[in-house]
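Beneath this line is the structure, given in structure tokens, with notes to follow.
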Amino acid sequence: MTTRKKKELHITRWLVLALLIAVGIVGVLVKPARPDVSLKGETLVTFPLLGGLTLTNTFVTTVIVDLIVIVLALAAGRGIRADGSPSKGIAAIFETIFGAIYSLVEKTVGKKWAKQVFPLVATIITLVLTANLLKLFPGMESIGLIEPLTGGETGHATIDIIPGLVGLTATETTANAYKLVPFFRSPSTDLNFTASLALIAVVMVQYFGVRANGPRYFGKFLNFGRFLKMWIQRKVGPFDAINPFIDIFVGMLEFISEFAKIISFSFRLLGSMFGGAVLVIVLGTLLPVSQFGLYFLELFFGVIQALVFGVLTMVFIAIATKGHGEHADEHGEVQKAHA
Amino acid sequence: MEYTLEQAIVLAAKFLGAGLAMVGTLGAGLGIGILGSGAMQGIARNPDAAGDIQINMILAIAFAEAVAIYALVVALVLLFVAK
């Protein structure tokens, strides 16, 4: 039994190698067409009745990603045993991954908040990871509708692969030019997905901050404590007159940094994933064999960016839930000691 | 494809701008190098803390890398979006 299994593995390994070489040869012989690069999600359908609302390919893929995550969640939920016996199949994989994430959350946020924070962090990591890895599937950004270009722009000539199925050739023309509008494109290459996820993350950071500290949480932004103290006591020493204004200024900076978080969250994911997609497209047309290396690189970046998105959300929540009051006092004393 | 002089200048400026925007990655590269060196030294001195150090290192690298990615976004916008 074991020897047979070993032999099968052996055959599979050679098959994979042969396929890789075949892809390389085909890539060199048939010059691939360079797809159109557009930062916006390409429009598939326009609904004139709904005020020109458009259905973009990134939205279609977002729905697919959501469905994949839901199906995986249901499959994993079925495999979990209530009596604590080892889970089977896909549930075991998820138990390992989420166990690692949970211990990380517990270490960063603390035991008290870990149970509330973990679902958010795990959901973000799963969703972004699925979206990032889906980008690497064959057919993404390469199967779609072929549209004629009218404005005299540079496009590609078409070729009939089989009747009814048209392909684009690598030759670039201006007359009779066509471009491809793919059906599927990874959502993380669209600013709408990343920005909305960043908004959710930052709003949840505020939510956990308020839940942990109550209204005192907003004291971080409107830090008038020492200013009022000075106003009431009318005690003005050299540093007592400066520090309250520094507090107010720091509060303003904190307020701005919340918006900077949204921007940095959304552009980090977008830039990394869109840049990766462009890299694969451009280098793939220049040197098709380089796809092997680039795909591994993109696999790595997809996992890292998903992890970074989740871990950063977690760290910001940990900072927000930490008692602000005692922390500030400690800080103030340190400043005084320095002064 | 034929360009008028104006179009050619705009195109050249676009490409130059995109190339120059990527100079910003210099700082991110330096920062990531310093972070990696620091983390290596930390792990070498205290191998038990390798896990914690790695997580924090990846986090800090993400911050440093974000600057490079802004540069990349600017370059990509210049190349593909700006008309």
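Residues are named by chain letter and number: chains run A, B, ... in the order of the structure tokens, numbers start at 1 in each chain, and ligands are numbered from 1 in the order shown.
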_I'd like the neighbourhood of A:Tyr207 as JSON, numbers by chain, where a residue qualifies if any of its atoms comes within 10 Å (using only C-alpha atoms), though same-chain residues fewer than 6 positions away should be ignored._
{"A": [201, 214, 217, 317, 320, 321]}
*asked:* Using DSSP secondary structure from the backbone, list all strand (DSSP E or B) positions within stretch 121-265 of chain A, as a PyMOL selection string.
replied: chain A and resi 144-148+155-162+165-173+178-182
*asked:* I'd like the contact shell of B:Ala13 - 10 Å cut-off, only C-alpha atoms, skipping same-chain residues fewer than 6 positions apart - returned as a list in words.
replied: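 The residues that qualify are Gln7, Gly19 and Leu78 of chain B.
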*asked:* I want to know what sits within 9 Å of B:Ala21, based on only C-alpha atoms, with residues of the same chain fewer than 6 positions away left out; could you give that as a PyMOL selection string?
replied: chain B and resi 71-72+74-75
Emit the selected residues as a JSON list (two decimals), in the first residue's frame, including N, CA and C atoms.
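Output file part_30.json follows:
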```json
[["chain", "number", "residue", "atom", "x", "y", "z"],
["B", 71, "ALA", "N", 4.71, 55.26, -3.36],
["B", 71, "ALA", "CA", 5.48, 55.65, -4.54],
["B", 71, "ALA", "C", 5.04, 54.82, -5.75],
["B", 72, "LEU", "N", 4.83, 53.52, -5.52],
["B", 72, "LEU", "CA", 4.39, 52.64, -6.60],
["B", 72, "LEU", "C", 3.03, 53.06, -7.12],
["B", 74, "VAL", "N", 1.71, 56.06, -7.02],
["B", 74, "VAL", "CA", 1.87, 57.30, -7.78],
["B", 74, "VAL", "C", 2.39, 56.99, -9.18],
["B", 75, "ALA", "N", 3.39, 56.09, -9.25],
["B", 75, "ALA", "CA", 3.95, 55.74, -10.56],
["B", 75, "ALA", "C", 2.91, 55.06, -11.43]]
```
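Proximity ranking of A:Gly237, A:Gly310, A:Gly144, A:Pro288 relative to chain B places A:Gly310 first, based on only C-alpha atoms.
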_Please find the residues of chain B near chain A - the criterion being any atom within 12 Å, counting only C-alpha atoms - and write them as an MDAnalysis selection string._
chainID B and resid 1:2 51:52 55:82
*Quick one: residues within 12 Å of B:Ser37, only C-alpha atoms counted, chain neighbours fewer than 6 positions away excluded, as JSON, numbers by chain?*
{"B": [30, 31, 43, 44, 53, 54, 57, 61]}
Taking the DSSP assignment computed from this structure's backbone, write out as a compact mmCIF listing (two decimals) with N, CA, C and O atoms, in the first residue's frame all residues of stretch 3-176 of chain A that belong to alpha helix (DSSP H).
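Written output follows (states22.txt):
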```
# COMPACT_ATOMS: atom_id res chain seq x y z
N THR A 3 4.05 1.46 -0.79
CA THR A 3 4.93 1.58 -1.95
C THR A 3 4.16 2.14 -3.13
O THR A 3 4.67 2.95 -3.89
N ARG A 4 2.88 1.71 -3.25
CA ARG A 4 2.08 2.18 -4.36
C ARG A 4 1.85 3.68 -4.27
O ARG A 4 1.92 4.41 -5.25
N LYS A 5 1.60 4.12 -3.06
CA LYS A 5 1.37 5.55 -2.85
C LYS A 5 2.61 6.35 -3.24
O LYS A 5 2.53 7.39 -3.87
N LYS A 6 3.77 5.79 -2.85
CA LYS A 6 5.03 6.47 -3.18
C LYS A 6 5.18 6.59 -4.70
O LYS A 6 5.59 7.62 -5.21
N LYS A 7 4.85 5.51 -5.39
CA LYS A 7 5.01 5.50 -6.84
C LYS A 7 4.09 6.55 -7.49
O LYS A 7 4.51 7.29 -8.37
N GLU A 8 2.86 6.64 -6.97
CA GLU A 8 1.91 7.62 -7.51
C GLU A 8 2.45 9.04 -7.36
O GLU A 8 2.41 9.84 -8.27
N LEU A 9 2.99 9.30 -6.18
CA LEU A 9 3.55 10.61 -5.89
C LEU A 9 4.66 10.93 -6.89
O LEU A 9 4.79 12.04 -7.38
N HIS A 10 5.43 9.89 -7.18
CA HIS A 10 6.54 10.03 -8.10
C HIS A 10 6.03 10.48 -9.48
O HIS A 10 6.56 11.41 -10.07
N ILE A 11 4.97 9.79 -9.95
CA ILE A 11 4.42 10.11 -11.27
C ILE A 11 3.88 11.54 -11.28
O ILE A 11 4.15 12.30 -12.21
N THR A 12 3.16 11.91 -10.21
CA THR A 12 2.57 13.25 -10.15
C THR A 12 3.66 14.32 -10.25
O THR A 12 3.48 15.33 -10.92
N ARG A 13 4.77 14.04 -9.57
CA ARG A 13 5.85 15.01 -9.55
C ARG A 13 6.38 15.26 -10.97
O ARG A 13 6.55 16.39 -11.39
N TRP A 14 6.58 14.16 -11.73
CA TRP A 14 7.08 14.31 -13.10
C TRP A 14 6.05 15.01 -13.99
O TRP A 14 6.40 15.80 -14.86
N LEU A 15 4.77 14.69 -13.71
CA LEU A 15 3.69 15.31 -14.49
C LEU A 15 3.71 16.83 -14.30
O LEU A 15 3.58 17.59 -15.27
N VAL A 16 3.88 17.25 -13.05
CA VAL A 16 3.90 18.68 -12.75
C VAL A 16 5.08 19.34 -13.44
O VAL A 16 4.95 20.41 -14.05
N LEU A 17 6.24 18.68 -13.38
CA LEU A 17 7.42 19.25 -14.04
C LEU A 17 7.20 19.37 -15.54
O LEU A 17 7.50 20.40 -16.16
N ALA A 18 6.60 18.30 -16.15
CA ALA A 18 6.34 18.32 -17.60
C ALA A 18 5.38 19.44 -17.95
O ALA A 18 5.58 20.16 -18.94
N LEU A 19 4.36 19.64 -17.10
CA LEU A 19 3.39 20.71 -17.35
C LEU A 19 4.07 22.08 -17.29
O LEU A 19 3.81 22.95 -18.12
N LEU A 20 4.95 22.24 -16.29
CA LEU A 20 5.64 23.52 -16.15
C LEU A 20 6.47 23.82 -17.39
O LEU A 20 6.44 24.92 -17.93
N ILE A 21 7.20 22.78 -17.87
CA ILE A 21 8.02 22.98 -19.06
C ILE A 21 7.15 23.27 -20.26
O ILE A 21 7.45 24.16 -21.08
N ALA A 22 6.00 22.55 -20.36
CA ALA A 22 5.09 22.75 -21.49
C ALA A 22 4.57 24.18 -21.50
O ALA A 22 4.51 24.83 -22.56
N VAL A 23 4.20 24.69 -20.30
CA VAL A 23 3.71 26.07 -20.22
C VAL A 23 4.78 27.05 -20.69
O VAL A 23 4.52 28.00 -21.43
N GLY A 24 6.02 26.77 -20.28
CA GLY A 24 7.13 27.63 -20.70
C GLY A 24 7.29 27.64 -22.21
O GLY A 24 7.43 28.70 -22.82
N ILE A 25 7.24 26.44 -22.81
CA ILE A 25 7.42 26.34 -24.27
C ILE A 25 6.29 27.06 -24.99
O ILE A 25 6.51 27.84 -25.92
N VAL A 26 5.05 26.81 -24.53
CA VAL A 26 3.90 27.46 -25.17
C VAL A 26 4.01 28.97 -25.04
O VAL A 26 3.75 29.73 -25.99
N GLY A 27 4.47 29.43 -23.85
CA GLY A 27 4.61 30.86 -23.64
C GLY A 27 5.63 31.49 -24.57
O GLY A 27 5.50 32.64 -24.97
N VAL A 28 6.68 30.72 -24.92
CA VAL A 28 7.69 31.27 -25.83
C VAL A 28 7.19 31.23 -27.28
O VAL A 28 7.39 32.18 -28.03
N LEU A 29 6.50 30.14 -27.63
CA LEU A 29 6.06 29.99 -29.03
C LEU A 29 4.92 30.94 -29.36
O LEU A 29 4.96 31.65 -30.37
N ASN A 57 -16.14 44.13 -12.82
CA ASN A 57 -15.66 42.76 -12.67
C ASN A 57 -15.09 42.51 -11.27
O ASN A 57 -15.15 41.40 -10.77
N THR A 58 -14.56 43.57 -10.62
CA THR A 58 -14.04 43.35 -9.27
C THR A 58 -15.18 43.07 -8.29
O THR A 58 -15.00 42.30 -7.35
N PHE A 59 -16.36 43.67 -8.56
CA PHE A 59 -17.49 43.40 -7.66
C PHE A 59 -17.96 41.96 -7.83
O PHE A 59 -18.27 41.28 -6.84
N VAL A 60 -18.02 41.50 -9.08
CA VAL A 60 -18.41 40.11 -9.33
C VAL A 60 -17.50 39.17 -8.55
O VAL A 60 -17.94 38.23 -7.88
N THR A 61 -16.18 39.46 -8.60
CA THR A 61 -15.23 38.60 -7.91
C THR A 61 -15.34 38.74 -6.40
O THR A 61 -15.11 37.77 -5.68
N THR A 62 -15.71 39.94 -5.91
CA THR A 62 -15.92 40.10 -4.47
C THR A 62 -17.01 39.16 -3.99
O THR A 62 -16.87 38.51 -2.94
N VAL A 63 -18.10 39.08 -4.77
CA VAL A 63 -19.20 38.19 -4.40
C VAL A 63 -18.71 36.74 -4.39
O VAL A 63 -19.03 35.96 -3.48
N ILE A 64 -17.89 36.38 -5.40
CA ILE A 64 -17.37 35.01 -5.45
C ILE A 64 -16.49 34.73 -4.23
O ILE A 64 -16.59 33.66 -3.61
N VAL A 65 -15.65 35.71 -3.87
CA VAL A 65 -14.79 35.55 -2.69
C VAL A 65 -15.64 35.34 -1.45
O VAL A 65 -15.37 34.45 -0.63
N ASP A 66 -16.70 36.15 -1.31
CA ASP A 66 -17.60 36.01 -0.16
C ASP A 66 -18.19 34.61 -0.12
O ASP A 66 -18.24 33.97 0.95
N LEU A 67 -18.65 34.13 -1.29
CA LEU A 67 -19.25 32.79 -1.34
C LEU A 67 -18.24 31.73 -0.92
O LEU A 67 -18.56 30.81 -0.15
N ILE A 68 -17.00 31.86 -1.43
CA ILE A 68 -15.96 30.88 -1.07
C ILE A 68 -15.75 30.87 0.44
O ILE A 68 -15.69 29.80 1.07
N VAL A 69 -15.66 32.06 1.03
CA VAL A 69 -15.42 32.15 2.47
C VAL A 69 -16.57 31.52 3.24
O VAL A 69 -16.37 30.78 4.20
N ILE A 70 -17.82 31.80 2.78
CA ILE A 70 -18.99 31.25 3.49
C ILE A 70 -19.00 29.73 3.39
O ILE A 70 -19.21 29.02 4.40
N VAL A 71 -18.73 29.21 2.18
CA VAL A 71 -18.74 27.76 2.00
C VAL A 71 -17.65 27.11 2.86
O VAL A 71 -17.88 26.09 3.54
N LEU A 72 -16.45 27.72 2.88
CA LEU A 72 -15.37 27.18 3.70
C LEU A 72 -15.75 27.20 5.17
O LEU A 72 -15.48 26.25 5.91
N ALA A 73 -16.41 28.30 5.60
CA ALA A 73 -16.79 28.42 7.00
C ALA A 73 -17.80 27.35 7.37
O ALA A 73 -17.69 26.70 8.43
N LEU A 74 -18.80 27.12 6.48
CA LEU A 74 -19.80 26.09 6.77
C LEU A 74 -19.14 24.71 6.82
O LEU A 74 -19.44 23.90 7.71
N ALA A 75 -18.23 24.44 5.85
CA ALA A 75 -17.57 23.15 5.81
C ALA A 75 -16.73 22.93 7.07
O ALA A 75 -16.71 21.84 7.65
N ALA A 76 -16.04 24.01 7.50
CA ALA A 76 -15.21 23.88 8.69
C ALA A 76 -16.08 23.72 9.93
O ALA A 76 -15.74 22.95 10.83
N GLY A 77 -17.21 24.42 9.96
CA GLY A 77 -18.10 24.33 11.12
C GLY A 77 -18.68 22.93 11.30
O GLY A 77 -18.88 22.46 12.41
N ARG A 78 -18.94 22.24 10.16
CA ARG A 78 -19.49 20.87 10.24
C ARG A 78 -18.48 19.90 10.82
O ARG A 78 -18.86 18.92 11.45
N GLY A 79 -17.19 20.16 10.58
CA GLY A 79 -16.17 19.21 11.01
C GLY A 79 -15.77 19.32 12.46
O GLY A 79 -15.14 18.43 13.00
N ILE A 90 -11.21 19.41 6.55
CA ILE A 90 -10.92 20.83 6.39
C ILE A 90 -10.94 21.55 7.73
O ILE A 90 -10.22 22.52 7.95
N ALA A 91 -11.75 21.03 8.66
CA ALA A 91 -11.85 21.67 9.97
C ALA A 91 -10.52 21.63 10.70
O ALA A 91 -10.16 22.56 11.43
N ALA A 92 -9.76 20.55 10.50
CA ALA A 92 -8.46 20.43 11.18
C ALA A 92 -7.50 21.51 10.69
O ALA A 92 -6.77 22.10 11.49
N ILE A 93 -7.55 21.78 9.37
CA ILE A 93 -6.68 22.82 8.82
C ILE A 93 -7.03 24.17 9.43
O ILE A 93 -6.17 24.92 9.90
N PHE A 94 -8.36 24.45 9.46
CA PHE A 94 -8.78 25.74 9.98
C PHE A 94 -8.47 25.86 11.47
O PHE A 94 -8.16 26.94 11.96
N GLU A 95 -8.58 24.72 12.19
CA GLU A 95 -8.28 24.76 13.62
C GLU A 95 -6.83 25.16 13.84
O GLU A 95 -6.53 25.97 14.71
N THR A 96 -5.93 24.60 13.01
CA THR A 96 -4.51 24.92 13.16
C THR A 96 -4.27 26.41 12.89
O THR A 96 -3.63 27.10 13.69
N ILE A 97 -4.83 26.90 11.75
CA ILE A 97 -4.56 28.28 11.35
C ILE A 97 -5.15 29.25 12.37
O ILE A 97 -4.48 30.15 12.88
N PHE A 98 -6.44 29.02 12.71
CA PHE A 98 -7.10 29.97 13.61
C PHE A 98 -6.58 29.84 15.03
O PHE A 98 -6.63 30.81 15.79
N GLY A 99 -6.08 28.65 15.39
CA GLY A 99 -5.44 28.51 16.70
C GLY A 99 -4.24 29.42 16.80
O GLY A 99 -4.05 30.12 17.80
N ALA A 100 -3.44 29.44 15.73
CA ALA A 100 -2.25 30.30 15.72
C ALA A 100 -2.66 31.77 15.77
O ALA A 100 -2.08 32.56 16.54
N ILE A 101 -3.70 32.13 14.99
CA ILE A 101 -4.14 33.54 14.99
C ILE A 101 -4.68 33.92 16.36
O ILE A 101 -4.41 35.00 16.87
N TYR A 102 -5.43 32.98 16.98
CA TYR A 102 -6.03 33.30 18.28
C TYR A 102 -4.96 33.54 19.34
O TYR A 102 -5.07 34.47 20.14
N SER A 103 -3.92 32.70 19.33
CA SER A 103 -2.87 32.89 20.34
C SER A 103 -2.16 34.22 20.11
O SER A 103 -1.77 34.90 21.07
N LEU A 104 -2.03 34.60 18.84
CA LEU A 104 -1.41 35.90 18.52
C LEU A 104 -2.28 37.04 19.04
O LEU A 104 -1.78 38.00 19.66
N VAL A 105 -3.62 36.93 18.80
CA VAL A 105 -4.54 37.97 19.27
C VAL A 105 -4.49 38.06 20.78
O VAL A 105 -4.44 39.15 21.35
N GLU A 106 -4.47 36.89 21.44
CA GLU A 106 -4.48 36.87 22.91
C GLU A 106 -3.23 37.54 23.46
O GLU A 106 -3.28 38.27 24.44
N LYS A 107 -2.10 37.29 22.78
CA LYS A 107 -0.83 37.86 23.25
C LYS A 107 -0.81 39.37 23.08
O LYS A 107 -0.25 40.09 23.90
N THR A 108 -1.44 39.87 22.00
CA THR A 108 -1.36 41.30 21.71
C THR A 108 -2.44 42.09 22.44
O THR A 108 -2.16 43.14 23.02
N VAL A 109 -3.69 41.59 22.36
CA VAL A 109 -4.81 42.38 22.88
C VAL A 109 -5.05 42.11 24.36
O VAL A 109 -5.57 42.95 25.07
N LYS A 111 -6.12 38.83 27.41
CA LYS A 111 -7.16 37.80 27.56
C LYS A 111 -8.56 38.38 27.56
O LYS A 111 -9.50 37.80 27.05
N LYS A 112 -8.70 39.61 28.14
CA LYS A 112 -10.02 40.18 28.35
C LYS A 112 -10.74 40.45 27.02
O LYS A 112 -11.94 40.21 26.90
N TRP A 113 -10.00 40.94 26.03
CA TRP A 113 -10.63 41.37 24.79
C TRP A 113 -10.46 40.38 23.65
O TRP A 113 -11.05 40.57 22.58
N ALA A 114 -9.64 39.33 23.87
CA ALA A 114 -9.29 38.43 22.77
C ALA A 114 -10.53 37.84 22.10
O ALA A 114 -10.62 37.77 20.88
N LYS A 115 -11.52 37.44 22.93
CA LYS A 115 -12.69 36.76 22.35
C LYS A 115 -13.52 37.70 21.49
O LYS A 115 -14.18 37.27 20.55
N GLN A 116 -13.54 38.99 21.83
CA GLN A 116 -14.32 39.94 21.03
C GLN A 116 -13.56 40.36 19.76
O GLN A 116 -14.16 40.61 18.73
N VAL A 117 -12.23 40.47 19.88
CA VAL A 117 -11.44 40.99 18.76
C VAL A 117 -11.16 39.91 17.72
O VAL A 117 -11.12 40.19 16.53
N PHE A 118 -11.01 38.67 18.20
CA PHE A 118 -10.57 37.60 17.30
C PHE A 118 -11.44 37.42 16.05
O PHE A 118 -10.89 37.30 14.95
N PRO A 119 -12.81 37.41 16.17
CA PRO A 119 -13.61 37.20 14.95
C PRO A 119 -13.34 38.24 13.87
O PRO A 119 -13.22 37.90 12.69
N LEU A 120 -13.20 39.50 14.27
CA LEU A 120 -12.94 40.57 13.29
C LEU A 120 -11.61 40.33 12.58
O LEU A 120 -11.53 40.33 11.34
N VAL A 121 -10.57 40.07 13.39
CA VAL A 121 -9.23 39.90 12.81
C VAL A 121 -9.20 38.67 11.91
O VAL A 121 -8.69 38.73 10.78
N ALA A 122 -9.79 37.57 12.38
CA ALA A 122 -9.77 36.33 11.59
C ALA A 122 -10.56 36.51 10.30
O ALA A 122 -10.15 36.02 9.24
N THR A 123 -11.69 37.24 10.37
CA THR A 123 -12.49 37.46 9.16
C THR A 123 -11.71 38.28 8.15
O THR A 123 -11.69 37.95 6.96
N ILE A 124 -11.06 39.34 8.63
CA ILE A 124 -10.30 40.19 7.71
C ILE A 124 -9.19 39.37 7.06
O ILE A 124 -9.01 39.41 5.83
N ILE A 125 -8.47 38.59 7.87
CA ILE A 125 -7.36 37.80 7.30
C ILE A 125 -7.89 36.80 6.28
O ILE A 125 -7.35 36.68 5.17
N THR A 126 -8.99 36.09 6.61
CA THR A 126 -9.53 35.09 5.68
C THR A 126 -9.99 35.73 4.38
O THR A 126 -9.69 35.24 3.29
N LEU A 127 -10.72 36.85 4.52
CA LEU A 127 -11.28 37.49 3.32
C LEU A 127 -10.18 38.02 2.42
O LEU A 127 -10.18 37.77 1.20
N VAL A 128 -9.21 38.73 3.01
CA VAL A 128 -8.14 39.31 2.20
C VAL A 128 -7.28 38.21 1.60
O VAL A 128 -6.87 38.29 0.44
N LEU A 129 -7.04 37.15 2.39
CA LEU A 129 -6.21 36.05 1.88
C LEU A 129 -6.90 35.38 0.69
O LEU A 129 -6.26 35.11 -0.34
N THR A 130 -8.21 35.13 0.81
CA THR A 130 -8.93 34.51 -0.30
C THR A 130 -8.91 35.41 -1.53
O THR A 130 -8.67 34.93 -2.65
N ALA A 131 -9.13 36.71 -1.31
CA ALA A 131 -9.12 37.64 -2.44
C ALA A 131 -7.74 37.68 -3.10
O ALA A 131 -7.64 37.70 -4.33
N ASN A 132 -6.68 37.67 -2.28
CA ASN A 132 -5.33 37.77 -2.84
C ASN A 132 -4.95 36.50 -3.59
O ASN A 132 -4.31 36.57 -4.63
N LEU A 133 -5.32 35.35 -3.03
CA LEU A 133 -4.90 34.10 -3.66
C LEU A 133 -5.73 33.80 -4.90
O LEU A 133 -5.27 33.14 -5.82
N LEU A 134 -6.99 34.30 -4.91
CA LEU A 134 -7.84 34.07 -6.08
C LEU A 134 -7.25 34.73 -7.32
O LEU A 134 -7.50 34.28 -8.45
```
